[in-house]
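A.B. asks: Just one file: start.txt, with compact mmCIF, C-alpha atoms (C1' of nucleotides).
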```txt
# COMPACT_ATOMS: atom_id res chain seq x y z
CA MET G 893 40.51 24.45 87.97
CA PRO G 894 41.01 22.32 84.80
CA HIS G 895 41.50 24.64 81.84
CA PRO G 896 40.24 28.20 82.09
CA ALA G 897 40.50 29.59 78.60
CA GLU G 898 42.71 27.43 76.42
CA PRO G 899 42.34 23.74 77.28
CA PRO G 900 45.62 22.03 76.35
CA PRO G 901 44.87 19.33 73.78
CA ARG G 902 45.18 15.90 75.28
CA GLY G 903 48.69 14.66 75.76
CA ASP G 904 50.50 17.89 74.94
CA ALA G 905 53.33 17.44 77.39
CA ARG G 906 55.23 20.45 76.11
CA ALA G 907 52.51 22.98 76.85
CA GLU G 908 51.79 21.38 80.18
CA GLN G 909 55.46 21.50 81.15
CA ARG G 910 55.68 25.11 80.12
CA ARG G 911 52.59 25.99 82.11
CA ARG G 912 54.08 24.44 85.23
CA THR G 913 57.47 26.11 85.05
CA GLU G 914 55.80 29.39 84.22
CA ALA G 915 53.64 29.07 87.32
CA ARG G 916 56.70 28.16 89.38
CA ILE G 917 58.51 31.27 88.13
CA LEU G 918 55.50 33.40 88.90
CA ALA G 919 55.29 32.07 92.44
CA ALA G 920 58.98 32.67 93.03
CA ALA G 921 58.68 36.17 91.62
CA SER G 922 55.75 36.92 93.90
CA ASP G 923 57.74 35.89 96.95
CA GLN G 924 60.73 37.97 95.99
CA PHE G 925 58.75 41.06 95.06
CA VAL G 926 56.72 40.91 98.25
CA GLU G 927 59.78 40.34 100.38
CA ALA G 928 62.34 42.72 98.88
CA GLY G 929 60.45 45.10 96.61
CA TYR G 930 60.93 45.81 92.94
CA GLU G 931 64.41 47.34 92.88
CA ARG G 932 66.20 44.82 95.08
CA THR G 933 64.57 41.86 93.39
CA THR G 934 66.68 40.47 90.54
CA ILE G 935 65.73 38.24 87.65
CA ARG G 936 68.63 36.01 88.61
CA ALA G 937 67.34 35.50 92.14
CA ILE G 938 63.87 34.69 90.85
CA ALA G 939 65.28 32.18 88.37
CA GLN G 940 67.38 30.53 91.04
CA ALA G 941 64.44 30.26 93.42
CA ALA G 942 62.36 28.74 90.63
CA GLY G 943 65.11 26.31 89.70
CA VAL G 944 65.52 27.62 86.16
CA ASP G 945 67.82 29.89 84.21
CA ALA G 946 67.60 33.67 84.14
CA GLY G 947 67.26 33.72 80.38
CA LEU G 948 64.16 31.58 80.58
CA VAL G 949 62.43 34.05 82.83
CA MET G 950 63.07 36.79 80.31
CA HIS G 951 61.92 34.54 77.49
CA TYR G 952 58.60 33.91 79.20
CA PHE G 953 57.76 37.33 80.56
CA GLY G 954 59.72 39.67 78.33
CA SER G 955 61.06 42.03 80.92
CA LYS G 956 61.36 42.51 84.64
CA LEU G 957 58.66 45.16 84.63
CA ALA G 958 56.27 42.92 82.68
CA LEU G 959 56.84 40.15 85.21
CA PHE G 960 56.16 42.53 88.08
CA GLU G 961 52.97 43.74 86.45
CA GLN G 962 51.89 40.14 85.97
CA VAL G 963 52.41 39.55 89.70
CA THR G 964 50.60 42.68 90.82
CA LYS G 965 47.85 42.50 88.21
CA GLY G 966 44.51 42.82 89.93
CA GLY G 967 46.14 43.51 93.27
CA GLN G 968 44.00 46.52 93.89
CA LEU G 969 42.21 47.52 97.03
CA PRO G 970 39.03 45.54 97.76
CA PRO G 971 36.18 46.30 95.37
CA ALA G 972 33.78 48.74 96.95
CA PRO G 973 32.26 49.76 100.24
CA THR G 974 28.88 50.68 98.88
CA GLY G 975 25.81 50.15 100.98
CA PRO G 976 23.45 51.80 103.43
CA PRO G 977 25.22 54.44 105.52
CA GLY G 978 24.74 52.53 108.73
CA GLN G 979 26.39 49.39 107.41
CA VAL G 980 29.46 50.94 105.83
CA ALA G 981 31.54 50.53 108.97
CA GLU G 982 30.74 46.84 109.27
CA GLN G 983 31.52 46.24 105.62
CA ILE G 984 34.93 47.82 105.99
CA LEU G 985 35.59 45.84 109.14
CA ALA G 986 34.67 42.61 107.39
CA GLN G 987 37.03 43.40 104.52
CA LEU G 988 39.79 44.32 106.93
CA ALA G 989 39.29 41.14 108.94
CA GLY G 990 39.97 39.20 105.78
CA SER G 991 43.06 41.22 105.01
CA LEU G 992 44.44 40.57 108.47
CA THR G 993 44.32 36.78 108.24
CA THR G 994 44.70 35.69 104.61
CA GLU G 995 47.49 37.56 102.94
CA PRO G 996 46.57 38.96 99.53
CA VAL G 997 49.84 38.30 97.74
CA ARG G 998 49.19 40.67 94.84
CA SER G 999 48.27 43.50 97.16
CA LEU G 1000 51.33 42.91 99.32
CA ALA G 1001 53.60 43.11 96.29
CA MET G 1002 52.07 46.46 95.42
CA LEU G 1003 52.26 47.69 98.99
CA ARG G 1004 55.94 46.82 99.31
CA SER G 1005 57.02 48.83 96.28
CA MET G 1006 54.39 51.52 96.65
CA LEU G 1007 56.82 54.14 97.97
CA THR G 1008 59.85 53.46 95.79
CA HIS G 1009 58.59 52.26 92.42
CA PRO G 1010 57.00 55.09 90.42
CA GLU G 1011 54.63 52.96 88.37
CA THR G 1012 53.42 51.22 91.50
CA THR G 1013 52.98 54.54 93.27
CA GLN G 1014 50.74 55.74 90.49
CA ALA G 1015 48.76 52.51 90.33
CA PHE G 1016 48.16 52.51 94.06
CA ARG G 1017 47.26 56.16 93.94
CA GLU G 1018 44.55 55.57 91.37
CA GLY G 1019 43.21 52.58 93.24
CA THR G 1020 43.06 54.59 96.44
CA GLN G 1021 41.25 57.41 94.69
CA ARG G 1022 38.54 55.08 93.43
CA PHE G 1023 38.22 53.49 96.85
CA ARG G 1024 37.92 56.86 98.54
CA ALA G 1025 35.39 58.17 96.06
CA GLN G 1026 33.07 55.23 96.55
CA LEU G 1027 33.52 55.31 100.28
CA ALA G 1028 32.89 59.04 100.51
CA ALA G 1029 29.66 58.59 98.59
CA ALA G 1030 28.42 56.29 101.33
CA ILE G 1031 29.23 58.66 104.19
CA PRO G 1032 26.54 61.24 104.92
CA ALA G 1033 28.67 64.17 106.03
CA PRO G 1034 29.90 67.45 104.53
CA ASP G 1035 33.53 66.42 105.09
CA ALA G 1036 33.01 62.92 103.72
CA ASP G 1037 36.08 63.17 101.51
CA THR G 1038 38.46 63.72 104.38
CA ARG G 1039 36.74 61.03 106.41
CA ALA G 1040 37.16 58.55 103.58
CA ALA G 1041 40.80 59.55 103.19
CA LEU G 1042 41.45 58.95 106.87
CA ILE G 1043 39.82 55.54 106.74
CA SER G 1044 41.90 54.67 103.70
CA ALA G 1045 45.10 55.78 105.42
CA LEU G 1046 44.17 53.85 108.54
CA ILE G 1047 43.61 50.63 106.63
CA MET G 1048 46.85 51.10 104.74
CA GLY G 1049 48.78 51.67 107.94
CA VAL G 1050 47.28 48.67 109.68
CA VAL G 1051 47.81 46.22 106.82
CA MET G 1052 51.31 47.52 106.19
CA ASP G 1053 52.37 47.26 109.80
CA ARG G 1054 50.97 43.76 110.17
CA HIS G 1055 52.19 42.12 106.98
CA LEU G 1056 55.21 44.14 105.85
CA LEU G 1057 56.79 46.07 108.68
CA LYS G 1058 56.10 43.45 111.34
CA SER G 1059 57.14 45.78 114.13
CA GLY G 1060 55.78 43.47 116.78
CA GLY G 1061 52.56 45.35 117.42
CA LEU G 1062 49.85 44.37 115.00
CA ASP G 1063 51.45 41.28 113.50
CA THR G 1064 51.25 39.43 116.80
CA ALA G 1065 47.87 40.79 117.84
CA ASP G 1066 44.61 38.90 117.57
CA PRO G 1067 42.62 39.91 114.48
CA ASP G 1068 39.35 39.83 116.41
CA GLN G 1069 40.81 42.19 118.98
CA ILE G 1070 41.97 44.58 116.27
CA ILE G 1071 38.54 44.56 114.64
CA ALA G 1072 36.82 45.09 117.99
CA LEU G 1073 39.00 48.10 118.76
CA LEU G 1074 38.49 49.58 115.31
CA ARG G 1075 34.69 49.21 115.36
CA PRO G 1076 33.99 52.38 117.38
CA VAL G 1077 36.66 54.17 115.38
CA LEU G 1078 35.02 53.39 112.06
CA ARG G 1079 31.57 54.13 113.47
CA THR G 1080 32.85 57.55 114.46
CA LEU G 1081 34.39 58.21 111.06
CA THR G 1082 31.47 56.98 108.98
CA THR G 1083 28.70 58.74 110.90
CA ALA G 1084 28.35 62.49 111.02
CA ASP G 1085 27.46 63.20 114.63
CA PRO G 1086 29.95 62.66 117.46
CA PRO G 1087 27.32 62.93 120.23
CA PRO G 1088 25.27 59.73 120.53
CA ASP G 1089 21.81 60.87 119.60
CA PRO G 1090 19.65 58.07 118.22
CA ALA G 1091 16.34 59.71 117.53
CA MET X 858 90.37 67.87 115.04
CA PRO X 859 90.16 70.46 117.80
CA HIS X 860 86.87 72.08 116.82
CA PRO X 861 84.50 69.59 115.25
CA ALA X 862 81.20 71.44 115.44
CA GLU X 863 82.60 74.87 116.11
CA PRO X 864 82.60 77.67 113.57
CA PRO X 865 85.97 78.24 111.89
CA PRO X 866 88.15 80.55 114.09
CA ARG X 867 88.56 83.42 111.66
CA GLY X 868 89.59 83.89 108.12
CA ASP X 869 89.75 80.15 107.43
CA ALA X 870 88.28 80.31 103.97
CA ARG X 871 89.02 76.70 103.22
CA ALA X 872 87.04 75.27 106.12
CA GLU X 873 84.20 77.67 105.47
CA GLN X 874 84.07 76.71 101.82
CA ARG X 875 84.08 73.06 102.72
CA ARG X 876 81.32 73.52 105.24
CA ARG X 877 79.16 75.18 102.65
CA THR X 878 79.60 72.61 99.90
CA GLU X 879 79.14 69.85 102.43
CA ALA X 880 75.86 71.39 103.51
CA ARG X 881 74.84 71.76 99.88
CA ILE X 882 75.55 68.11 99.22
CA LEU X 883 73.63 67.11 102.32
CA ALA X 884 70.62 69.14 101.24
CA ALA X 885 70.69 67.64 97.75
CA ALA X 886 71.02 64.17 99.22
CA SER X 887 68.04 64.76 101.49
CA ASP X 888 65.90 65.80 98.57
CA GLN X 889 66.87 62.80 96.50
CA PHE X 890 66.48 60.28 99.31
CA VAL X 891 63.09 61.68 100.29
CA GLU X 892 61.92 61.77 96.72
CA ALA X 893 63.20 58.51 95.28
CA GLY X 894 64.28 56.34 98.20
CA TYR X 895 67.63 54.76 98.92
CA GLU X 896 67.99 52.35 96.01
CA ARG X 897 67.01 54.66 93.18
CA THR X 898 69.07 57.54 94.50
CA THR X 899 72.56 57.63 93.02
CA ILE X 900 75.69 59.38 94.19
CA ARG X 901 76.04 60.84 90.73
CA ALA X 902 72.59 62.40 90.82
CA ILE X 903 73.25 63.90 94.24
CA ALA X 904 76.54 65.35 93.05
CA GLN X 905 74.94 66.83 89.98
CA ALA X 906 72.13 68.40 91.99
CA ALA X 907 74.71 69.87 94.37
CA GLY X 908 76.83 71.17 91.52
CA VAL X 909 79.88 69.14 92.42
CA ASP X 910 81.59 65.96 91.32
CA ALA X 911 80.61 62.46 92.38
CA GLY X 912 84.06 61.77 93.77
CA LEU X 913 83.76 64.69 96.13
CA VAL X 914 80.61 63.29 97.66
CA MET X 915 82.40 60.05 98.39
CA HIS X 916 85.40 61.91 99.74
CA TYR X 917 83.24 63.78 102.23
CA PHE X 918 80.86 61.08 103.41
CA GLY X 919 82.76 57.89 102.72
CA SER X 920 79.96 55.81 101.28
CA LYS X 921 76.40 56.02 100.08
CA LEU X 922 75.12 54.32 103.21
CA ALA X 923 77.04 56.71 105.47
CA LEU X 924 75.54 59.65 103.62
CA PHE X 925 72.07 58.21 103.98
CA GLU X 926 72.57 57.66 107.70
CA GLN X 927 73.78 61.23 108.01
CA VAL X 928 70.56 62.39 106.38
CA THR X 929 68.27 60.21 108.47
CA LYS X 930 70.19 60.62 111.72
CA GLY X 931 67.77 61.55 114.44
CA GLY X 932 64.81 61.17 112.15
CA GLN X 933 62.92 59.06 114.61
CA LEU X 934 59.32 59.31 115.64
CA PRO X 935 58.54 62.17 118.03
CA PRO X 936 59.97 61.68 121.52
CA ALA X 937 57.31 60.44 123.86
CA PRO X 938 53.59 60.61 124.56
CA THR X 939 53.86 60.42 128.33
CA GLY X 940 51.36 62.24 130.48
CA PRO X 941 48.13 61.87 132.39
CA PRO X 942 45.82 59.34 130.74
CA GLY X 943 43.23 61.95 129.91
CA GLN X 944 45.68 64.15 128.04
CA VAL X 945 47.38 61.52 125.92
CA ALA X 946 45.01 61.97 123.02
CA GLU X 947 45.58 65.72 122.90
CA GLN X 948 49.34 65.29 123.05
CA ILE X 949 49.29 62.94 120.10
CA LEU X 950 47.03 65.29 118.17
CA ALA X 951 49.39 68.19 118.84
CA GLN X 952 52.36 66.19 117.59
CA LEU X 953 50.45 65.06 114.53
CA ALA X 954 49.34 68.60 113.76
CA GLY X 955 52.98 69.57 113.58
CA SER X 956 53.81 66.64 111.33
CA LEU X 957 51.04 67.61 108.95
CA THR X 958 52.28 71.14 108.30
CA THR X 959 56.05 71.29 108.73
CA GLU X 960 57.71 68.42 106.95
CA PRO X 961 60.31 66.62 109.05
CA VAL X 962 62.85 65.93 106.31
CA ARG X 963 64.77 63.29 108.24
CA SER X 964 61.61 61.40 109.08
CA LEU X 965 60.41 61.54 105.50
CA ALA X 966 63.68 60.08 104.24
CA MET X 967 63.23 57.20 106.65
CA LEU X 968 59.58 56.73 105.76
CA ARG X 969 60.31 56.59 102.04
CA SER X 970 62.83 53.76 102.32
CA MET X 971 61.16 52.05 105.25
CA LEU X 972 59.73 49.20 103.19
CA THR X 973 62.60 48.52 100.82
CA HIS X 974 65.82 49.28 102.66
CA PRO X 975 66.57 46.65 105.33
CA GLU X 976 68.57 48.90 107.65
CA THR X 977 65.86 51.52 107.54
CA THR X 978 63.20 48.91 108.17
CA GLN X 979 64.98 47.81 111.31
CA ALA X 980 65.60 51.35 112.50
CA PHE X 981 61.99 52.32 112.03
CA ARG X 982 60.88 49.12 113.70
CA GLU X 983 62.87 49.89 116.81
CA GLY X 984 61.66 53.46 116.90
CA THR X 985 58.08 52.29 116.58
CA GLN X 986 58.53 49.80 119.38
CA ARG X 987 59.79 52.46 121.76
CA PHE X 988 56.96 54.76 120.76
CA ARG X 989 54.38 52.04 121.31
CA ALA X 990 55.80 51.00 124.66
CA GLN X 991 55.66 54.50 126.05
CA LEU X 992 52.23 55.09 124.60
CA ALA X 993 50.83 51.83 125.93
CA ALA X 994 52.07 52.73 129.42
CA ALA X 995 49.89 55.82 129.31
CA ILE X 996 46.73 53.98 128.26
CA PRO X 997 44.74 52.50 131.13
CA ALA X 998 43.33 49.39 129.47
CA PRO X 999 44.07 45.66 129.43
CA ASP X 1000 44.65 45.73 125.67
CA ALA X 1001 46.79 48.86 125.78
CA ASP X 1002 49.45 47.29 123.57
CA THR X 1003 47.11 46.71 120.67
CA ARG X 1004 45.58 50.15 121.13
CA ALA X 1005 49.01 51.76 121.00
CA ALA X 1006 49.90 49.72 117.91
CA LEU X 1007 46.74 50.89 116.15
CA ILE X 1008 47.48 54.50 116.98
CA SER X 1009 51.01 54.09 115.68
CA ALA X 1010 49.77 52.53 112.45
CA LEU X 1011 47.19 55.27 112.03
CA ILE X 1012 49.76 58.03 112.40
CA MET X 1013 52.09 56.28 109.99
CA GLY X 1014 49.34 55.89 107.41
CA VAL X 1015 48.23 59.49 107.68
CA VAL X 1016 51.71 61.02 107.46
CA MET X 1017 52.69 58.70 104.64
CA ASP X 1018 49.61 59.43 102.58
CA ARG X 1019 49.94 63.17 103.05
CA HIS X 1020 53.64 63.69 102.42
CA LEU X 1021 54.77 60.72 100.35
CA LEU X 1022 51.92 59.08 98.50
CA LYS X 1023 50.02 62.30 97.85
CA SER X 1024 46.99 60.43 96.61
CA GLY X 1025 44.87 63.55 96.66
CA GLY X 1026 43.04 62.80 99.87
CA LEU X 1027 45.00 63.96 102.89
CA ASP X 1028 47.62 66.07 101.15
CA THR X 1029 45.00 68.56 100.01
CA ALA X 1030 42.92 68.46 103.17
CA ASP X 1031 43.01 71.08 105.89
CA PRO X 1032 45.20 70.02 108.84
CA ASP X 1033 42.71 71.41 111.33
CA GLN X 1034 39.95 69.36 109.76
CA ILE X 1035 42.08 66.21 109.94
CA ILE X 1036 42.87 66.84 113.59
CA ALA X 1037 39.23 67.53 114.39
CA LEU X 1038 38.14 64.28 112.80
CA LEU X 1039 40.83 62.29 114.55
CA ARG X 1040 40.07 63.72 117.98
CA PRO X 1041 37.16 61.38 118.79
CA VAL X 1042 39.10 58.53 117.23
CA LEU X 1043 42.07 59.00 119.51
CA ARG X 1044 39.82 59.56 122.50
CA THR X 1045 38.21 56.23 121.80
CA LEU X 1046 41.52 54.45 121.43
CA THR X 1047 43.20 55.97 124.46
CA THR X 1048 40.33 55.56 126.95
CA ALA X 1049 39.23 52.16 128.15
CA ASP X 1050 35.53 52.01 127.50
CA PRO X 1051 33.03 54.79 127.11
CA PRO X 1052 29.49 53.84 128.07
CA PRO X 1053 28.16 51.29 125.59
CA ASP X 1054 26.29 52.57 122.59
CA PRO X 1055 22.75 53.74 123.25
CA ALA X 1056 20.22 51.25 121.96
C1' DG J 522 61.75 23.99 75.98
C1' DT J 523 65.86 25.14 78.31
C1' DC J 524 70.40 26.90 79.01
C1' DT J 525 75.18 29.33 77.79
C1' DA J 526 77.54 33.32 76.43
C1' DT J 527 77.71 37.88 75.96
C1' DA J 528 76.41 42.60 75.05
C1' DA J 529 75.50 47.29 76.88
C1' DA J 530 74.66 50.19 80.64
C1' DC J 531 75.03 51.67 85.19
C1' DC J 532 76.42 51.52 89.83
C1' DG J 533 79.65 52.52 94.06
C1' DA J 534 84.16 53.13 95.18
C1' DT J 535 89.34 54.16 94.58
C1' DA J 536 93.61 56.55 93.12
C1' DG J 537 95.74 60.36 91.77
C1' DA J 538 96.28 64.92 89.17
C1' DC J 539 95.65 69.94 89.66
C1' DG L 1049 89.50 71.50 98.23
C1' DT L 1050 87.96 69.83 93.93
C1' DC L 1051 87.80 67.12 89.83
C1' DT L 1052 89.35 63.37 86.12
C1' DA L 1053 89.95 58.73 85.09
C1' DT L 1054 89.15 54.23 85.95
C1' DC L 1055 88.49 49.76 88.29
C1' DG L 1056 85.49 46.01 89.51
C1' DG L 1057 81.05 44.45 90.15
C1' DT L 1058 76.18 43.93 89.16
C1' DT L 1059 72.23 44.55 86.52
C1' DT L 1060 68.73 43.76 82.48
C1' DA L 1061 68.37 42.09 78.14
C1' DT L 1062 69.74 39.71 73.69
C1' DA L 1063 71.50 36.04 70.45
C1' DG L 1064 72.22 31.64 69.65
C1' DA L 1065 73.55 26.65 70.89
C1' DC L 1066 71.64 22.15 72.43
```
Would you kindly transcribe this structure into structure tokens?
C.D. replies:
Amino acid sequence: MPHPAEPPPRGDARAEQRRRTEARILAAASDQFVEAGYERTTIRAIAQAAGVDAGLVMHYFGSKLALFEQVTKGGQLPPAPTGPPGQVAEQILAQLAGSLTTEPVRSLAMLRSMLTHPETTQAFREGTQRFRAQLAAAIPAPDADTRAALISALIMGVVMDRHLLKSGGLDTADPDQIIALLRPVLRTLTTADPPPDPA
Amino acid sequence: MPHPAEPPPRGDARAEQRRRTEARILAAASDQFVEAGYERTTIRAIAQAAGVDAGLVMHYFGSKLALFEQVTKGGQLPPAPTGPPGQVAEQILAQLAGSLTTEPVRSLAMLRSMLTHPETTQAFREGTQRFRAQLAAAIPAPDADTRAALISALIMGVVMDRHLLKSGGLDTADPDQIIALLRPVLRTLTTADPPPDPA
DNA sequence: GTCTATAAACCGATAGAC
DNA sequence: GTCTATCGGTTTATAGAC
């Protein structure tokens, strides 16, 4: 990834240095926010972890909230589960399988502060609403809304337990086993009829 | 103290007055902790909501942490899902039905601060582990541990979305509808293997 | 570009008056 | 039993030196 938008003119050591320290601060901030949440994370701790001064962090990002929003920017729920009704379950399972192995840092930062930081609560709420709406549209059932809400809550609980709570249940389990156990569950929730009647 | 939990003998207006204000403070603290979590809740705000001074709150409960522990004391997950393997699903559904309607204040206070307050994280972790162990013992399957962990995560996600996140999905849904939709899900997770899907 | 010094606000907790 | 006054610590954020 050479230069995405603004290619630094050749030999501009200043801008390059700034870009590096800024990235280092951002990485340190991500770790802290994911680990301790918004309130308990301090600018001082971020600066220390990044090897710089606290004033510099403020000078780059303006405020603690702005830095947090930079970290969580784009950390929404996965795009969309649109598709043919029969394949919705498999699409969700594929997305979840990815979430179980590779940790989406932005999403984890949002998840951690979801319950205690008002702005994050609202952001997550809106993301969940969009996710549910699209998912419900792909479920052919009169109570599709509630089904989509349950699937959303299930995914949230699973990801949260595995990556944040680490209670010893899902964080040590095999992802393939989790997916295999959730397959019939998601089939049940995404299809209308409980009795197996393939006609 | 001769009578710790006993009602004041008779005519002891002082003790009665104290008991009342103490209960008022405790109620205000519960509200604040459930609503805003441990970090954002302040002793001053609790005192103001209770109509007393901040110093009095400290004088009664000693510290903010002690007050929080008083609020969350006994706010664990429901006791135990022991029983015959065929009835485990129904027992869980019955417990969950109760959690959906009547709000367990102590549990909600724990849930709110579960991700951001270290002591609460640990307490919830231990409670979850006990719950999972007992549940897994009642599931006749080689991967009972993972099944129990998924059920635990599902319950957590559902209760959290309904009472805390209030994203508009499960908080507005009918409890009976939620239970009905989760019945086949829990049957699937608590029984080893229904006959493979009809092809 | 980076750091030092400091301002301004808020917190939990303590001591003591009434 | 309840409240006033205050201490000591931590926080974000700002202003300016190097």
A.B. asks: I need the contact residues of chain X against chain L, so if you could list those with any atom within 8 Å, counting all atoms listed in the file, and return them as a PDB file with C-alpha atoms, in the frame of the given file, that would help.
C.D. replies:
```pdb
ATOM      1  CA  ARG X 871      89.020  76.700 103.220  1.00  0.00           C
ATOM      2  CA  ARG X 875      84.080  73.060 102.720  1.00  0.00           C
ATOM      3  CA  ASP X 910      81.590  65.960  91.320  1.00  0.00           C
ATOM      4  CA  GLY X 912      84.060  61.770  93.770  1.00  0.00           C
ATOM      5  CA  LEU X 913      83.760  64.690  96.130  1.00  0.00           C
TER       6      LEU X 913
END
```
A.B. asks: Given a cut-off of 8 Å, which residues of chain X touch chain J, counting only C-alpha atoms (C1' of nucleotides), written out as a list in words?
C.D. replies: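 Taken together, these residues fit the definition: Thr899, Ile900, Met915, Ser920 and Lys921 of chain X.
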A.B. asks: Atom CA of Arg911 of chain G and atom CA of Ser999 of chain G are how many Å apart?
C.D. replies: 23.5 Å
A.B. asks: Hey, can you check how far atom CA of Thr994 of chain G sits from atom CA of Lys1023 of chain X?
C.D. replies: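 If I compute the distance from atom CA of Thr994 of chain G to atom CA of Lys1023 of chain X, I get 28.0 Å.
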A.B. asks: Tell me which of X:Arg877, X:His1020, X:Lys930, X:Arg901 sits closest to chain G, counting only C-alpha atoms.
C.D. replies: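 Among the listed residues, the smallest separation from chain G belongs to X:His1020.
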A.B. asks: Calculated over only C-alpha atoms, which of the candidates G:Glu914, G:Asp904, G:Asp1068, G:Glu995 has the smallest distance to chain X?
C.D. replies: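 Among the listed residues, G:Asp1068 lies closest to chain X.
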A.B. asks: Give as a ChimeraX atom specification every residue of chain G that touches chain X within 8 Å, counting only C-alpha atoms.
C.D. replies: /G:928-929,931-932,1004-1005,1007-1008,1013,1017-1018,1020-1021,1024,1037-1039,1041-1042,1045-1050,1053,1056-1062,1065,1069-1070,1073,1076-1077,1080-1081,1086,1088,1090
A.B. asks: So what do you get for atom CA of Ala1001 of chain X versus atom CA of Thr1048 of chain X, distance-wise?
C.D. replies: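 Taking atom CA of Ala1001 of chain X as the start and atom CA of Thr1048 of chain X as the end point, the length is 9.4 Å.
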A.B. asks: Counting only C-alpha atoms, which of G:Ala915, G:Gly966, G:Pro1067, G:Thr1082 gets nearest to Thr993 of chain G?
C.D. replies: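 Looking only at the distances to Thr993 of chain G, the closest residue turns out to be G:Pro1067.
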A.B. asks: How big is the axis-aligned box around the listed atoms of segment 1050-1066 of chain L once 6 Å is added on each side, and where is its centre? Give both in Å to one decimal, as lines of an AutoDock Vina configuration file.
C.D. replies:
```
center_x = 79.2
center_y = 46.0
center_z = 81.8
size_x = 33.6
size_y = 59.7
size_z = 36.3
```
A.B. asks: Could you add the missing atoms to segment 992-1006 of chain G, up to N, CA and C atoms, and return them as a JSON list (two decimals), in the frame of the given file?
C.D. replies:
```json
[["chain", "number", "residue", "atom", "x", "y", "z"],
["G", 992, "LEU", "N", 43.54, 40.82, 107.34],
["G", 992, "LEU", "CA", 44.44, 40.57, 108.47],
["G", 992, "LEU", "C", 44.88, 39.11, 108.53],
["G", 993, "THR", "N", 43.98, 38.20, 108.13],
["G", 993, "THR", "CA", 44.32, 36.78, 108.24],
["G", 993, "THR", "C", 44.95, 36.27, 106.95],
["G", 994, "THR", "N", 44.15, 36.18, 105.87],
["G", 994, "THR", "CA", 44.70, 35.69, 104.61],
["G", 994, "THR", "C", 45.45, 36.81, 103.92],
["G", 995, "GLU", "N", 46.66, 36.54, 103.55],
["G", 995, "GLU", "CA", 47.49, 37.56, 102.94],
["G", 995, "GLU", "C", 47.22, 37.65, 101.44],
["G", 996, "PRO", "N", 46.76, 38.77, 100.97],
["G", 996, "PRO", "CA", 46.57, 38.96, 99.53],
["G", 996, "PRO", "C", 47.90, 39.24, 98.86],
["G", 997, "VAL", "N", 48.47, 38.21, 98.24],
["G", 997, "VAL", "CA", 49.84, 38.30, 97.74],
["G", 997, "VAL", "C", 50.01, 39.45, 96.75],
["G", 998, "ARG", "N", 49.07, 39.61, 95.84],
["G", 998, "ARG", "CA", 49.19, 40.67, 94.84],
["G", 998, "ARG", "C", 49.20, 42.05, 95.49],
["G", 999, "SER", "N", 48.32, 42.22, 96.48],
["G", 999, "SER", "CA", 48.27, 43.50, 97.16],
["G", 999, "SER", "C", 49.55, 43.76, 97.93],
["G", 1000, "LEU", "N", 50.11, 42.72, 98.54],
["G", 1000, "LEU", "CA", 51.33, 42.91, 99.32],
["G", 1000, "LEU", "C", 52.50, 43.30, 98.42],
["G", 1001, "ALA", "N", 52.55, 42.74, 97.23],
["G", 1001, "ALA", "CA", 53.60, 43.11, 96.29],
["G", 1001, "ALA", "C", 53.49, 44.58, 95.91],
["G", 1002, "MET", "N", 52.26, 45.03, 95.73],
["G", 1002, "MET", "CA", 52.07, 46.46, 95.42],
["G", 1002, "MET", "C", 52.44, 47.32, 96.63],
["G", 1003, "LEU", "N", 52.00, 46.91, 97.79],
["G", 1003, "LEU", "CA", 52.26, 47.69, 98.99],
["G", 1003, "LEU", "C", 53.76, 47.86, 99.23],
["G", 1004, "ARG", "N", 54.51, 46.79, 99.02],
["G", 1004, "ARG", "CA", 55.94, 46.82, 99.31],
["G", 1004, "ARG", "C", 56.68, 47.85, 98.46],
["G", 1005, "SER", "N", 56.31, 47.93, 97.19],
["G", 1005, "SER", "CA", 57.02, 48.83, 96.28],
["G", 1005, "SER", "C", 56.28, 50.14, 96.06],
["G", 1006, "MET", "N", 55.25, 50.35, 96.82],
["G", 1006, "MET", "CA", 54.39, 51.52, 96.65],
["G", 1006, "MET", "C", 55.16, 52.83, 96.78]]
```
